[in-house]
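Student: Would you mind keeping the following structure in view while I ask a few things?
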Amino acid sequence: MATQHHSSALPIPAVSAAYPMANPGYGKRSAPGQLPRARDDFALLPTRERYVAGFVDHLPEGAAMSVKQLAKQLPLYGQQAIGTALNALSVAGYLRRVRCTVGTGDETRWAFRTFWSRTARDNAWWNSFLATENAAQATAPAAAPQAPAPDSAPPPPWLPVEEPPLAQPDPPSPAGQAPEPTAVPHPRTPPQAPAAEPTQPTGLSPAYLALARLGRDDHRLALSADDCTTLEPLAAQWLDRGVTVDYLTNALKAGLPAQVDSPVGLIRRRLIDKMPPRLPAPDTPPDTPTPTPTQRILMECTDCGRPGPPQALPDGLCRPCHQTHTTLGDTPPDPTEVAAVKAHMANLRGLLKPV
């Protein structure tokens with residue numbers, strides 16, 4: 001006769017047909033690559049965690065995953081017990097809570113989801129999976145362009161193309177009347193070319209002209225022709241390094257003292273001391289750093305809901321919650337404190353007895 005073995009696990013309650021679903025885009029999401037459902041799923045978990053995990057595993061996609069809703073369906077445990085069980089399932093690698101952006105443009109908002117995996121995963125797997133999800137959302141195609149307005153749309157192909165009306169012959173003139181003379185159009189006078197703009201003197205470089213204009217912008221920097229020729233090589237080095245003429249003149253005019261005794265000496269010193277760094281040639285653009293991808297998925301602490309990148313929340317918990325979870329129950333209670341609590345409770349019970 002076969003021996004019947006009874007499991008210590010609590011029976012998993014059936015999912016009610018009226019179980020609330022989350023708003024579109026929220027709720028439960030199943031992770032890929034899970035093993036088929038089996039009888040020994042979650043066998044290594046404690047009784048409470050096994051009970052909650054079995055119920056969550058049977059929930060449909062998009063089901064509400066808040067502690068409040070789960071506690072309503074699992075009457076054996078309250079909200080605090082359900083929250084503690086979800087923390088343990090997160091540490092065991094079965095779930096991760098995340099917030100991700102949905103929508104485009106001004107319609108972007110945060111949606112809150114719980115990724116569930118019947119197969120326990122380690123931190124490296126979850127980090128890789130969420131990084132893939134983040135990249136997929138960042139590269140999602142934009143919304144399709146709208147169709148052109150009806151006024152600007154081309155006519156349907158079944159409509160005939162309108163042709164210009166044919167020229168009608170002139171009506172015959174009445175008998176005895178000479179036809180009216182045809183007006184001969186006068187030749188149109190060709191438009192005159194606009195006056196040519198004054199050009200800069202030939203043979204003068206942009207560096208020379210920039211130095212020569214300094215005196216017109218500020219009388220304290222008036223230079224002679226010999227001064228401009230002497231300082232021209234220094235000013236040309238500025239332009240060779242990729243700066244504009246406006247940049248050069250603004251740098252030479254900025255922060256002038258109230259009185260300039262030697263304009264040529266002051267400008268020479270500024271041209272040397274403020275020489276800009278050399279910029280790369282136009283045909284070799286500078287190496288632009290790779291832009292950091294937009295973070296469209298943030299993991300949430302399963303316990304307190306604090307958001308952050310997956311690397312900052314090992315086991316799905318932030319540092320304070322992780323420390324609390326791992327140290328809870330490791331240190332046995334102090335016998336002295338236990339005795340003091342028992343004595344205090346006995347005293348309270350004695351005070352409540354009728355005299």
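Naming works like this for the structure tokens: A, B, ... for the chains as they're shown, residue 1 at the start of each chain, ligands 1 onward in shown order.
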Which residues are close to Asn23 of chain A, i.e. within 10 Å by only C-alpha atoms, leaving aside same-chain residues fewer than 6 positions away? Reply as a list in words.

Tutor: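 In the requested format, the answer is Gly62, Ala63, Ala64, Ala111 and Phe112 of chain A.
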
Student: Please dump the current selection as a CSV table (one decimal), in the first residue's frame; keep N, CA and C atoms.

Tutor:
chain,number,residue,atom,x,y,z
A,62,GLY,N,0.0,41.9,-15.8
A,62,GLY,CA,-0.7,43.2,-15.6
A,62,GLY,C,-1.5,43.2,-14.3
A,63,ALA,N,-1.4,42.1,-13.5
A,63,ALA,CA,-2.2,42.1,-12.2
A,63,ALA,C,-1.6,43.1,-11.2
A,64,ALA,N,-2.4,43.6,-10.4
A,64,ALA,CA,-1.9,44.6,-9.3
A,64,ALA,C,-1.0,43.9,-8.4
A,111,ALA,N,5.8,54.7,-14.9
A,111,ALA,CA,4.9,53.5,-14.7
A,111,ALA,C,5.7,52.6,-13.7
A,112,PHE,N,5.0,51.9,-12.8
A,112,PHE,CA,5.6,51.1,-11.8
A,112,PHE,C,5.2,49.6,-12.1

Student: From the list A:Ser117, A:Ser90, A:Gln80, A:Thr101, which residue is nearest Ala31 of chain A when using only C-alpha atoms?

Tutor: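 So, comparing all the options, the nearest one is A:Ser117.
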
Student: Rounded to one decimal in Å, what is the spacing between atom CA of Arg118 of chain A and atom CA of Arg48 of chain A?

Tutor: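 Taking atom CA of Arg118 of chain A and atom CA of Arg48 of chain A, their separation equals 16.2 Å.
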